[in-house]
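**Q** Okay, so here is target_15.cif, and as you'll see once you scroll down, it has mmCIF, C-alpha atoms.
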data_target
loop_
_atom_site.label_atom_id
_atom_site.label_comp_id
_atom_site.auth_asym_id
_atom_site.auth_seq_id
_atom_site.Cartn_x
_atom_site.Cartn_y
_atom_site.Cartn_z
CA MET Y 1465 89.32 103.48 63.98
CA THR Y 1466 90.49 104.93 67.26
CA SER Y 1467 92.37 108.12 68.02
CA LEU Y 1468 94.30 109.07 71.10
CA ALA Y 1469 93.94 112.50 72.65
CA PRO Y 1470 96.89 114.83 72.21
CA THR Y 1471 99.44 114.94 74.97
CA ARG Y 1472 99.56 117.96 77.25
CA PRO Y 1473 102.83 119.74 76.43
CA ASP Y 1474 104.62 118.88 79.66
CA VAL Y 1475 106.47 115.76 78.52
CA VAL Y 1476 110.16 116.30 77.81
CA LEU Y 1477 112.59 113.92 76.17
CA ARG Y 1478 115.52 114.71 78.44
CA GLN Y 1479 118.01 112.61 76.48
CA VAL Y 1480 117.92 110.30 73.47
CA ALA Y 1481 120.68 107.80 72.68
CA ALA Y 1482 120.89 105.16 69.97
CA PHE Y 1483 123.07 102.21 69.06
CA ALA Y 1484 123.49 99.91 66.06
CA PRO Y 1485 125.73 96.87 65.70
CA GLU Y 1486 128.95 97.36 63.71
CA ARG Y 1487 128.26 94.42 61.40
CA SER Y 1488 126.07 95.06 58.40
CA VAL Y 1489 124.69 93.28 55.36
CA THR Y 1490 123.72 94.63 51.96
CA VAL Y 1491 120.21 94.34 50.58
CA GLU Y 1492 121.49 91.78 48.09
CA GLU Y 1493 123.09 89.65 50.81
CA ILE Y 1494 120.03 89.63 53.03
CA ALA Y 1495 117.70 89.09 50.05
CA ALA Y 1496 119.67 86.00 49.03
CA GLU Y 1497 119.46 84.69 52.60
CA LEU Y 1498 115.69 85.30 52.63
CA GLY Y 1499 115.19 83.61 49.24
CA LEU Y 1500 113.90 86.74 47.49
CA ASN Y 1501 114.03 86.68 43.69
CA ARG Y 1502 116.18 89.14 41.72
CA TYR Y 1503 113.24 91.41 40.91
CA GLN Y 1504 112.23 91.70 44.54
CA THR Y 1505 115.86 92.38 45.44
CA ARG Y 1506 116.13 95.04 42.73
CA LEU Y 1507 112.88 96.61 43.99
CA PHE Y 1508 114.27 97.06 47.50
CA ARG Y 1509 117.31 98.92 46.19
CA ARG Y 1510 115.89 100.81 43.20
CA ILE Y 1511 112.42 101.75 44.43
CA ARG Y 1512 112.52 101.41 48.21
CA GLY Y 1513 115.92 103.05 48.56
CA LEU Y 1514 117.39 100.42 50.89
CA ASN Y 1515 121.13 99.83 50.71
CA ARG Y 1516 122.39 98.05 53.80
CA MET Y 1517 121.29 97.30 57.34
CA ARG Y 1518 122.95 96.40 60.60
CA SER Y 1519 122.74 92.81 61.73
CA ASP Y 1520 124.84 90.85 64.21
CA PRO Y 1521 123.67 87.28 64.78
CA ASP Y 1522 126.21 86.88 67.59
CA LEU Y 1523 124.66 89.67 69.65
CA GLY Y 1524 122.09 88.73 72.29
CA LEU Y 1525 118.92 90.77 72.80
CA LEU Y 1526 120.18 92.48 75.96
CA ASP Y 1527 123.54 93.19 74.28
CA LEU Y 1528 121.63 95.03 71.58
CA VAL Y 1529 119.26 96.97 73.84
CA CYS Y 1530 121.58 97.95 76.71
CA PRO Y 1531 124.38 100.01 75.05
CA PRO Y 1532 122.36 103.21 74.50
CA ALA Y 1533 120.80 102.85 77.96
CA ASP Y 1534 124.25 102.39 79.53
CA ALA Y 1535 125.55 105.47 77.74
CA LEU Y 1536 122.55 107.53 78.80
CA LEU Y 1537 122.53 106.31 82.41
CA ALA Y 1538 126.20 107.19 82.79
CA THR Y 1539 125.12 110.85 82.71
CA VAL Y 1540 122.15 110.51 85.11
CA ALA Y 1541 123.10 111.46 88.66
CA GLU Y 1542 120.06 110.12 90.49
CA ARG Y 1543 119.10 106.82 88.95
CA ASP Y 1544 116.56 106.12 91.68
CA ARG Y 1545 114.40 108.86 90.16
CA ILE Y 1546 113.82 106.50 87.23
CA ARG Y 1547 110.53 104.94 88.33
CA TYR Y 1548 109.51 103.31 85.06
CA LEU Y 1549 111.38 101.25 82.52
CA ILE Y 1550 109.23 100.79 79.42
CA PHE Y 1551 110.52 98.41 76.78
CA ALA Y 1552 108.76 99.13 73.49
CA HIS Y 1553 109.00 96.41 70.89
CA THR Y 1554 107.13 95.12 67.85
CA ALA Y 1555 107.15 91.34 68.18
CA GLN Y 1556 105.07 90.41 71.21
CA ASP Y 1557 107.59 87.89 72.52
CA LEU Y 1558 111.32 88.41 72.24
CA THR Y 1559 112.43 85.92 74.87
CA PRO Y 1560 111.55 82.39 76.01
CA THR Y 1561 108.52 82.18 78.30
CA THR Y 1562 110.78 81.70 81.32
CA MET Y 1563 112.28 85.15 80.85
CA ILE Y 1564 110.62 88.58 80.88
CA ALA Y 1565 112.73 90.91 78.77
CA ALA Y 1566 111.73 94.12 80.59
CA ASP Y 1567 112.65 92.56 83.96
CA ALA Y 1568 115.96 91.30 82.59
CA LEU Y 1569 116.77 94.80 81.29
CA ARG Y 1570 115.91 96.35 84.65
CA GLU Y 1571 118.26 93.94 86.42
CA ARG Y 1572 121.10 94.39 83.94
CA LEU Y 1573 120.82 98.18 84.03
CA GLY Y 1574 120.66 98.23 87.83
CA LEU Y 1575 117.32 100.04 87.93
CA THR Y 1576 115.96 97.79 90.65
CA GLY Y 1577 113.54 100.43 91.97
CA ALA Y 1578 111.79 100.91 88.64
CA GLU Y 1579 108.56 99.31 87.48
CA ALA Y 1580 109.46 97.46 84.28
CA PHE Y 1581 107.06 96.42 81.56
CA ALA Y 1582 106.68 96.15 77.80
CA VAL Y 1583 104.53 98.13 75.37
CA THR Y 1584 103.88 96.32 72.08
CA GLN Y 1585 100.28 97.19 71.22
CA HIS Y 1586 101.18 99.60 68.42
CA ALA Y 1587 103.81 97.29 66.88
CA CYS Y 1588 106.53 99.48 65.30
CA ALA Y 1589 104.72 102.61 66.51
CA SER Y 1590 105.02 101.40 70.13
CA GLY Y 1591 108.07 103.57 70.81
CA LEU Y 1592 106.05 106.76 70.44
CA LEU Y 1593 103.20 105.17 72.39
CA ALA Y 1594 105.66 104.38 75.20
CA VAL Y 1595 106.58 108.07 75.44
CA GLU Y 1596 102.87 108.90 75.79
CA VAL Y 1597 102.45 106.16 78.43
CA ALA Y 1598 105.52 107.47 80.26
CA GLY Y 1599 103.95 110.95 80.39
CA GLU Y 1600 100.71 109.58 81.84
CA LEU Y 1601 102.55 107.56 84.49
CA LEU Y 1602 104.76 110.48 85.48
CA ARG Y 1603 101.74 112.78 85.85
CA ALA Y 1604 100.11 110.22 88.12
CA ASP Y 1605 103.30 109.55 90.09
CA GLY Y 1606 103.06 112.49 92.47
CA ASP Y 1607 106.80 113.15 92.38
CA PRO Y 1608 107.50 115.88 89.81
CA THR Y 1609 111.14 114.79 89.58
CA ALA Y 1610 110.28 111.18 88.65
CA LEU Y 1611 111.63 109.89 85.33
CA ALA Y 1612 110.85 107.12 82.87
CA LEU Y 1613 113.26 105.29 80.59
CA VAL Y 1614 111.86 104.17 77.23
CA LEU Y 1615 113.94 101.48 75.55
CA THR Y 1616 113.67 99.95 72.07
CA GLY Y 1617 115.61 97.31 70.18
CA GLU Y 1618 114.91 93.84 68.84
CA GLN Y 1619 116.17 91.32 66.38
CA PRO Y 1620 113.98 90.00 63.56
CA PHE Y 1621 114.33 86.38 64.53
CA THR Y 1622 112.19 84.77 61.83
CA ARG Y 1623 111.77 85.38 58.12
CA ALA Y 1624 108.15 86.38 58.76
CA VAL Y 1625 109.20 89.40 60.80
CA ARG Y 1626 112.33 90.20 58.79
CA VAL Y 1627 110.79 91.07 55.42
CA LEU Y 1628 107.56 93.04 54.99
CA TRP Y 1629 106.21 91.96 51.60
CA ASN Y 1630 107.97 94.06 48.94
CA THR Y 1631 107.97 97.01 51.31
CA SER Y 1632 110.88 96.86 53.75
CA ILE Y 1633 113.47 94.64 55.39
CA ILE Y 1634 114.05 94.93 59.12
CA GLY Y 1635 117.47 95.91 60.46
CA GLU Y 1636 118.83 95.98 64.00
CA ALA Y 1637 119.31 99.06 66.18
CA SER Y 1638 118.30 100.18 69.67
CA SER Y 1639 117.58 103.35 71.59
CA ALA Y 1640 117.12 104.78 75.04
CA CYS Y 1641 115.04 107.84 75.78
CA LEU Y 1642 114.83 109.46 79.20
CA VAL Y 1643 111.42 111.05 79.75
CA GLY Y 1644 110.50 113.59 82.41
CA LEU Y 1645 107.88 116.25 83.06
CA GLY Y 1646 109.29 119.69 82.30
CA GLY Y 1647 113.00 120.52 82.44
CA GLU Y 1648 115.65 120.74 79.75
CA GLY Y 1649 115.34 118.71 76.60
CA THR Y 1650 113.07 118.12 73.65
CA ARG Y 1651 109.50 119.04 74.52
CA VAL Y 1652 106.62 116.94 73.18
CA LEU Y 1653 104.04 119.37 71.79
CA SER Y 1654 101.53 116.81 70.59
CA TYR Y 1655 100.96 113.15 69.87
CA ALA Y 1656 98.31 111.54 67.72
CA ALA Y 1657 97.72 107.90 66.88
CA ARG Y 1658 95.05 106.04 64.96
CA THR Y 1659 94.57 102.29 64.95
CA VAL Y 1660 92.72 100.98 61.91
CA GLY Y 1661 91.39 97.63 62.98
CA GLU Y 1662 90.62 96.21 59.55
CA PHE Y 1663 94.37 95.55 59.18
CA PHE Y 1664 94.56 93.51 62.39
CA ASP Y 1665 96.18 90.58 60.54
CA GLY Y 1666 99.51 92.43 60.61
CA TYR Y 1667 102.22 90.29 59.07
CA GLN Y 1668 99.57 87.90 57.74
CA LEU Y 1669 97.79 90.52 55.60
CA ALA Y 1670 97.07 89.19 52.13
CA GLY Y 1671 94.86 89.67 49.12
CA GLU Y 1672 92.34 92.50 49.19
CA ALA Y 1673 93.24 93.55 52.76
CA LEU Y 1674 96.92 93.89 51.83
CA HIS Y 1675 95.97 95.87 48.75
CA ARG Y 1676 93.82 98.21 50.86
CA PHE Y 1677 96.59 98.58 53.44
CA GLY Y 1678 98.98 99.64 50.66
CA SER Y 1679 96.54 101.96 48.95
CA THR Y 1680 95.40 103.72 52.16
CA TYR Y 1681 98.78 103.87 53.97
CA HIS Y 1682 99.51 107.46 52.96
CA THR Y 1683 95.96 108.64 53.60
CA HIS Y 1684 95.93 107.35 57.18
CA LEU Y 1685 99.43 108.62 57.94
CA ILE Y 1686 98.71 112.06 56.49
CA ALA Y 1687 95.50 112.25 58.55
CA VAL Y 1688 97.38 111.56 61.76
CA ILE Y 1689 100.15 114.00 60.79
CA GLN Y 1690 97.48 116.68 60.37
CA GLU Y 1691 95.94 115.71 63.69
CA ALA Y 1692 99.30 116.10 65.46
CA LEU Y 1693 99.96 119.45 63.75
CA ASP Y 1694 96.50 120.72 64.69
CA ALA Y 1695 97.00 119.66 68.31
CA ALA Y 1696 100.32 121.53 68.38
CA GLY Y 1697 98.70 124.57 66.74
CA LEU Y 1698 101.18 124.40 63.87
CA GLU Y 1699 101.17 124.23 60.08
CA LEU Y 1700 103.43 122.08 57.94
CA ASP Y 1701 105.45 125.18 57.04
CA ASP Y 1702 106.23 125.77 60.73
CA LEU Y 1703 108.23 122.53 60.90
CA THR Y 1704 111.99 122.60 60.77
CA LEU Y 1705 112.16 119.00 59.56
CA VAL Y 1706 110.12 115.82 59.35
CA VAL Y 1707 111.82 112.92 61.12
CA PRO Y 1708 110.12 109.83 59.72
CA HIS Y 1709 110.31 106.11 60.31
CA ASN Y 1710 112.79 104.38 58.01
CA VAL Y 1711 110.48 101.91 56.30
CA ASN Y 1712 111.54 103.03 52.81
CA ILE Y 1713 112.03 106.09 50.59
CA SER Y 1714 109.17 105.50 48.18
CA SER Y 1715 106.37 105.89 50.74
CA TRP Y 1716 107.78 109.34 51.58
CA VAL Y 1717 108.00 110.27 47.91
CA THR Y 1718 104.24 109.77 47.75
CA ILE Y 1719 103.55 111.52 51.06
CA CYS Y 1720 105.72 114.51 50.08
CA ALA Y 1721 103.95 114.79 46.74
CA THR Y 1722 100.53 114.62 48.42
CA LEU Y 1723 101.41 117.18 51.09
CA GLY Y 1724 103.36 119.45 48.75
CA LEU Y 1725 106.32 118.96 51.07
CA ALA Y 1726 109.84 119.35 49.63
CA ARG Y 1727 111.87 116.14 49.93
CA ASP Y 1728 114.75 117.95 51.61
CA ARG Y 1729 112.45 118.71 54.54
CA VAL Y 1730 112.24 115.01 55.39
CA PHE Y 1731 115.22 113.29 57.01
CA LEU Y 1732 115.71 110.16 54.90
CA ASP Y 1733 119.48 109.68 55.21
CA ASN Y 1734 119.15 106.74 57.59
CA VAL Y 1735 116.89 104.65 55.32
CA GLY Y 1736 119.76 103.48 53.12
CA GLU Y 1737 122.15 103.02 56.02
CA PHE Y 1738 119.94 101.28 58.60
CA SER Y 1739 116.64 100.38 56.91
CA HIS Y 1740 113.60 99.98 59.17
CA CYS Y 1741 114.58 99.08 62.74
CA SER Y 1742 111.16 98.33 64.28
CA CYS Y 1743 110.36 100.79 67.12
CA THR Y 1744 113.81 102.36 67.08
CA ASP Y 1745 113.57 104.52 63.92
CA PRO Y 1746 112.26 107.79 65.43
CA PHE Y 1747 114.80 107.75 68.27
CA LEU Y 1748 117.67 106.64 66.04
CA ASN Y 1749 116.91 109.48 63.64
CA LEU Y 1750 116.67 112.07 66.42
CA ALA Y 1751 119.97 110.82 67.87
CA THR Y 1752 121.63 110.97 64.43
CA LEU Y 1753 120.43 114.53 63.87
CA ALA Y 1754 121.60 115.54 67.37
CA ARG Y 1755 125.03 114.01 66.73
CA GLN Y 1756 125.26 115.92 63.45
CA GLY Y 1757 124.34 119.14 65.25
CA ALA Y 1758 121.34 119.35 62.93
CA LEU Y 1759 118.68 119.87 65.61
CA VAL Y 1760 118.01 123.60 65.88
CA ALA Y 1761 117.21 125.07 69.30
CA GLY Y 1762 113.55 126.09 69.18
CA GLY Y 1763 112.99 124.07 66.00
CA ARG Y 1764 109.81 122.03 65.63
CA TYR Y 1765 110.10 118.48 64.32
CA LEU Y 1766 107.42 116.04 63.23
CA VAL Y 1767 108.25 112.45 64.17
CA THR Y 1768 106.28 109.57 62.66
CA ALA Y 1769 105.87 105.83 63.06
CA VAL Y 1770 103.57 103.18 61.62
CA GLY Y 1771 102.95 99.77 63.15
CA LEU Y 1772 101.34 96.75 61.56
CA GLY Y 1773 97.95 95.99 62.90
CA ALA Y 1774 97.72 98.93 61.88
CA THR Y 1775 98.60 102.03 63.90
CA TYR Y 1776 99.65 105.34 62.37
CA SER Y 1777 101.23 107.83 64.74
CA ALA Y 1778 102.81 111.26 64.70
CA MET Y 1779 104.44 113.39 67.37
CA VAL Y 1780 105.46 117.03 67.19
CA VAL Y 1781 108.47 117.94 69.32
CA GLU Y 1782 110.33 121.18 70.01
CA CYS Y 1783 114.08 121.16 70.62
CA MET O 288 110.96 98.22 20.53
CA GLU O 289 107.62 97.69 18.78
CA ARG O 290 104.44 98.00 20.84
CA ASN O 291 103.48 94.34 20.37
CA GLU O 292 106.92 93.30 21.66
CA ILE O 293 106.41 95.39 24.81
CA VAL O 294 103.02 93.74 25.34
CA LYS O 295 104.67 90.30 24.98
CA ASN O 296 107.32 91.37 27.51
CA ILE O 297 104.60 92.40 29.98
CA GLN O 298 102.91 89.02 29.52
CA GLY O 299 106.25 87.29 30.12
CA ALA O 300 106.94 89.40 33.21
CA LEU O 301 103.45 88.61 34.57
CA THR O 302 104.20 84.90 34.11
CA GLU O 303 107.49 85.32 36.01
CA VAL O 304 106.09 87.38 38.87
CA LEU O 305 102.84 85.45 39.32
CA MET O 306 104.47 82.09 38.45
CA ARG O 307 101.57 81.21 36.16
CA ASP O 308 101.28 81.20 32.36
CA PHE O 309 98.26 83.21 31.21
CA GLY O 310 98.83 82.99 27.43
CA PRO O 311 98.13 86.08 25.31
CA LEU O 312 96.35 88.85 27.22
CA PRO O 313 94.53 91.82 25.65
CA GLU O 314 95.72 95.36 26.35
CA SER O 315 92.47 96.01 28.19
CA THR O 316 93.48 93.51 30.91
CA ARG O 317 93.33 95.31 34.26
CA LEU O 318 96.41 94.61 36.40
CA PHE O 319 94.75 95.12 39.78
CA GLU O 320 91.23 93.81 39.21
CA ASP O 321 91.82 91.08 36.60
CA MET O 322 95.35 89.96 37.47
CA HIS O 323 94.93 90.56 41.22
CA LEU O 324 98.26 92.35 41.57
CA ASP O 325 98.68 94.58 44.60
CA SER O 326 100.71 97.80 44.60
CA THR O 327 103.89 96.03 45.69
CA ALA O 328 103.54 93.20 43.15
CA ILE O 329 103.12 95.87 40.46
CA LEU O 330 106.53 97.21 41.39
CA GLU O 331 108.02 93.73 41.22
CA LEU O 332 106.53 93.45 37.73
CA LEU O 333 108.14 96.78 36.85
CA MET O 334 111.54 95.55 38.04
CA ALA O 335 111.17 92.47 35.83
CA LEU O 336 110.38 94.74 32.88
CA GLU O 337 113.37 96.99 33.63
CA ASP O 338 115.57 93.91 33.58
CA ASN O 339 114.05 92.39 30.45
CA ILE O 340 113.56 95.50 28.29
CA GLY O 341 116.65 97.41 29.40
CA ILE O 342 115.00 100.52 30.80
CA GLU O 343 115.25 102.36 34.09
CA VAL O 344 112.23 104.18 35.44
CA ASP O 345 112.54 107.20 37.74
CA PRO O 346 111.32 105.91 41.14
CA GLU O 347 110.37 109.47 42.08
CA LYS O 348 107.95 109.83 39.18
CA LEU O 349 105.87 106.66 39.30
CA ASP O 350 102.14 107.17 38.82
CA MET O 351 99.85 104.27 39.64
CA ASP O 352 97.54 105.41 36.83
CA ASP O 353 100.16 104.06 34.43
CA PHE O 354 99.61 100.60 35.87
CA ARG O 355 95.85 100.34 35.37
CA THR O 356 95.95 98.02 32.36
CA ILE O 357 98.45 96.26 30.12
CA GLY O 358 97.72 99.03 27.60
CA THR O 359 98.49 101.95 29.95
CA LEU O 360 101.63 100.15 31.15
CA THR O 361 102.70 99.71 27.51
CA ASP O 362 102.16 103.45 26.94
CA PHE O 363 104.34 104.19 29.98
CA LEU O 364 107.10 101.83 28.86
CA GLU O 365 107.06 103.33 25.35
CA ARG O 366 107.68 106.76 26.92
CA THR O 367 110.54 105.49 29.15
CA PRO O 368 113.96 105.88 27.54
CA LYS O 369 116.19 102.82 27.20
CA VAL O 370 119.35 102.68 29.27
CA THR O 371 122.48 103.05 27.17
CA SER O 372 125.28 100.86 28.44
#
What is this file in structure tokens?
**A**
Amino acid sequence: MTSLAPTRPDVVLRQVAAFAPERSVTVEEIAAELGLNRYQTRLFRRIRGLNRMRSDPDLGLLDLVCPPADALLATVAERDRIRYLIFAHTAQDLTPTTMIAADALRERLGLTGAEAFAVTQHACASGLLAVEVAGELLRADGDPTALALVLTGEQPFTRAVRVLWNTSIIGEASSACLVGLGGEGTRVLSYAARTVGEFFDGYQLAGEALHRFGSTYHTHLIAVIQEALDAAGLELDDLTLVVPHNVNISSWVTICATLGLARDRVFLDNVGEFSHCSCTDPFLNLATLARQGALVAGGRYLVTAVGLGATYSAMVVEC
Amino acid sequence: MERNEIVKNIQGALTEVLMRDFGPLPESTRLFEDMHLDSTAILELLMALEDNIGIEVDPEKLDMDDFRTIGTLTDFLERTPKVTS
């Protein structure tokens, strides 16, 4: 098991934008397409709390990822201050070998002066990792006004990456997050991540390892939540809201019961509407809350993500 | 529903979920250790039982202790009210 050191509280999420395709499918429709039986289908709706998810097979990868970045960049006066474009995604390869997705995004967004690369090492927790990486790069940059753009968004292009056992079904959404050091925005107070190597098989987990992954999921995530809270010098009661990943409702029922956390202090509204959208969940949920005017100035929010492989991560932010 | 009918329903649901006929199983049969179900397969089994017996469990109040053996699962299903249509 490895842990990352907490971030120094100088990283600021200047802006967060999210996008999801208009087209959607119900759990029943996607389950039929995936060949799930009626009990598995019922499980996803009744126990996991999934309802529908966005999916547009006619949309290309760049068409999915660029809209929130375009919207965000339209408000940025000095684009040349964006020195880093970090594309966080779960599947290691999203494009043919002749194409590098991060480079293609840089070209399409007109950020020709930015270094572009992908972060995938934490699977679905790579979005939060990318924010941490952005902070490190900006500190080392030498220019205090330098910025980084963290992008997420991908399409589950095979059955193997579309359905996670009886746990979740992947939907499509994307996000863009502008990261700077200091300034106006949502301040990152702490970040903690643990990678538990025994689950390295990821999507291929089976048998005893899969059973252990399921039975220890909450323990590992709660440990990292506590680590992030400790690093921020906060208690659970100090949080305005928990902004989780959208993998399902039932895992949060267990976590809430274990932590003694009231369910209405966890933002779960997007689970039924979007399902789990790989690295995008934390940003999508923050953008939804911002749009609803539900982010309180000075409020502290705990953001979580879990990636197969398996990495558990938590970030405390202050709006 | 009589207890022995619930046990038969569990055996039937196990056959459906695991796609293998085990024949009669004693109530002491352990679902994780003996039947090699994981926590997600247990829930699939529960969905099959909801469908077959006509009950609806409260997803917020599931306790894995109720799924230790066929006997404890039978106790749980006996306590769960039937859905009236």
**Q** Pick the closest to Leu1732 of chain Y from Y:Thr1631, Y:Asn1710, Y:Ser1519, Y:Thr1616: which is it, counting only C-alpha atoms?
**A**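 Using only C-alpha atoms, the shortest distance to Leu1732 of chain Y belongs to Y:Asn1710.
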**Q** Can you check which residues of chain Y have any atom within 6 Å of chain O? Use all atoms listed in the file and format it as a list in words.
**A** Tyr1503, Gln1504, Ile1511, Asn1630 and His1675 of chain Y
**Q** Counting all atoms listed in the file, find residues at most 12 Å from (108.5, 95.7, 88.5) (file frame) and give them as a ChimeraX atom specification.
**A** /Y:1547-1550,1564-1571,1575-1582
**Q** The selected residues should be written to file as a JSON list (two decimals), keeping the file's coordinate frame (atoms: C-alpha atoms).
**A**
[["chain", "number", "residue", "atom", "x", "y", "z"],
["Y", 1547, "ARG", "CA", 110.53, 104.94, 88.33],
["Y", 1548, "TYR", "CA", 109.51, 103.31, 85.06],
["Y", 1549, "LEU", "CA", 111.38, 101.25, 82.52],
["Y", 1550, "ILE", "CA", 109.23, 100.79, 79.42],
["Y", 1564, "ILE", "CA", 110.62, 88.58, 80.88],
["Y", 1565, "ALA", "CA", 112.73, 90.91, 78.77],
["Y", 1566, "ALA", "CA", 111.73, 94.12, 80.59],
["Y", 1567, "ASP", "CA", 112.65, 92.56, 83.96],
["Y", 1568, "ALA", "CA", 115.96, 91.30, 82.59],
["Y", 1569, "LEU", "CA", 116.77, 94.80, 81.29],
["Y", 1570, "ARG", "CA", 115.91, 96.35, 84.65],
["Y", 1571, "GLU", "CA", 118.26, 93.94, 86.42],
["Y", 1575, "LEU", "CA", 117.32, 100.04, 87.93],
["Y", 1576, "THR", "CA", 115.96, 97.79, 90.65],
["Y", 1577, "GLY", "CA", 113.54, 100.43, 91.97],
["Y", 1578, "ALA", "CA", 111.79, 100.91, 88.64],
["Y", 1579, "GLU", "CA", 108.56, 99.31, 87.48],
["Y", 1580, "ALA", "CA", 109.46, 97.46, 84.28],
["Y", 1581, "PHE", "CA", 107.06, 96.42, 81.56],
["Y", 1582, "ALA", "CA", 106.68, 96.15, 77.80]]
**Q** How many Å separate atom CA of Leu1611 of chain Y from atom CA of Gly1646 of chain Y?
**A** 10.5 Å
**Q** Report, in Å with one decimal, the straight-line distance from atom CA of Leu1685 of chain Y to atom CA of Thr1490 of chain Y.
**A**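 Rounded to one decimal, the two atoms are 28.7 Å apart.
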**Q** Box for segment 299-310 of chain O: with edges along x, y and z, all listed atoms inside and 8 Å added on each side, what are the centre and edge lengths in Å to one decimal, as lines of an AutoDock Vina configuration file?
**A**
center_x = 102.9
center_y = 85.3
center_z = 33.4
size_x = 25.2
size_y = 24.2
size_z = 27.9
**Q** Written as a list in words, which residues does the PyMOL selection byres ((chain Y and resi 1479) around 7) give for the file shown?
**A**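 Here the PyMOL selection byres ((chain Y and resi 1479) around 7) matches Leu1477, Arg1478, Val1480, Ala1481, Cys1641, Leu1642 and Gly1649 of chain Y.
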**Q** Could you expand the PyMOL selection byres ((chain Y and resi 1734-1739) around 9) into the explicit residues it covers here, written as a PyMOL selection string?
**A** chain Y and resi 1484+1488+1509+1512-1518+1632-1637+1709-1713+1731-1733+1740-1741+1745+1748-1749+1752
**Q** Quick one: distance from atom CA of Thr361 of chain O to atom CA of Ile297 of chain O in Å, one decimal?
**A**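 We find that atom CA of Thr361 of chain O and atom CA of Ile297 of chain O lie 7.9 Å from each other.
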**Q** Please write as a list in words the full residue list that the PyMOL selection byres ((chain Y and resi 1617) around 8) yields on this file.
**A**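 Taken on the displayed file, the PyMOL selection byres ((chain Y and resi 1617) around 8) yields the residues Leu1525, Leu1528, Val1529, Ala1552, His1553, Leu1615, Thr1616, Glu1618, Gln1619, Glu1636, Ala1637, Ser1638, Ser1639, Cys1741, Ser1742, Cys1743 and Thr1744 of chain Y.
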**Q** Which residue gives the smallest distance to Met322 of chain O among Y:Gly1671, Y:Pro1608, Y:Gly1574, Y:Pro1531, with all atoms listed in the file counted?
**A**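 Of Y:Gly1671, Y:Pro1608, Y:Gly1574, Y:Pro1531, the one nearest Met322 of chain O, counting all atoms listed in the file, is Y:Gly1671.
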**Q** Write out as JSON, numbers by chain which residues come within 8 Å of Arg355 of chain O when counting all atoms listed in the file, dropping same-chain ones fewer than 5 positions away.
**A** {"O": [317, 318, 319, 360]}
**Q** Supply segment 1582-1594 of chain Y as a compact mmCIF listing (two decimals), in the frame of the given file, with N, CA and C atoms built in where the input has gaps.
**A**
# COMPACT_ATOMS: atom_id res chain seq x y z
N ALA Y 1582 106.56 95.97 79.25
CA ALA Y 1582 106.68 96.15 77.80
C ALA Y 1582 105.44 96.84 77.24
N VAL Y 1583 105.64 97.57 76.15
CA VAL Y 1583 104.53 98.13 75.37
C VAL Y 1583 104.72 97.63 73.93
N THR Y 1584 103.75 96.88 73.44
CA THR Y 1584 103.88 96.32 72.08
C THR Y 1584 102.63 96.56 71.24
N GLN Y 1585 101.61 97.16 71.86
CA GLN Y 1585 100.28 97.19 71.22
C GLN Y 1585 100.24 97.93 69.89
N HIS Y 1586 101.18 98.85 69.67
CA HIS Y 1586 101.18 99.60 68.42
C HIS Y 1586 102.28 99.10 67.46
N ALA Y 1587 102.75 97.88 67.71
CA ALA Y 1587 103.81 97.29 66.88
C ALA Y 1587 104.95 98.30 66.71
N CYS Y 1588 105.37 98.60 65.48
CA CYS Y 1588 106.53 99.48 65.30
C CYS Y 1588 106.26 100.93 65.70
N ALA Y 1589 105.02 101.27 66.00
CA ALA Y 1589 104.72 102.61 66.51
C ALA Y 1589 104.69 102.61 68.04
N SER Y 1590 105.09 101.51 68.67
CA SER Y 1590 105.02 101.40 70.13
C SER Y 1590 106.02 102.29 70.85
N GLY Y 1591 107.09 102.68 70.19
CA GLY Y 1591 108.07 103.57 70.81
C GLY Y 1591 107.45 104.92 71.15
N LEU Y 1592 106.72 105.47 70.19
CA LEU Y 1592 106.05 106.76 70.44
C LEU Y 1592 104.94 106.58 71.47
N LEU Y 1593 104.24 105.46 71.39
CA LEU Y 1593 103.20 105.17 72.39
C LEU Y 1593 103.82 105.11 73.79
N ALA Y 1594 105.00 104.52 73.89
CA ALA Y 1594 105.66 104.38 75.20
C ALA Y 1594 105.98 105.75 75.79
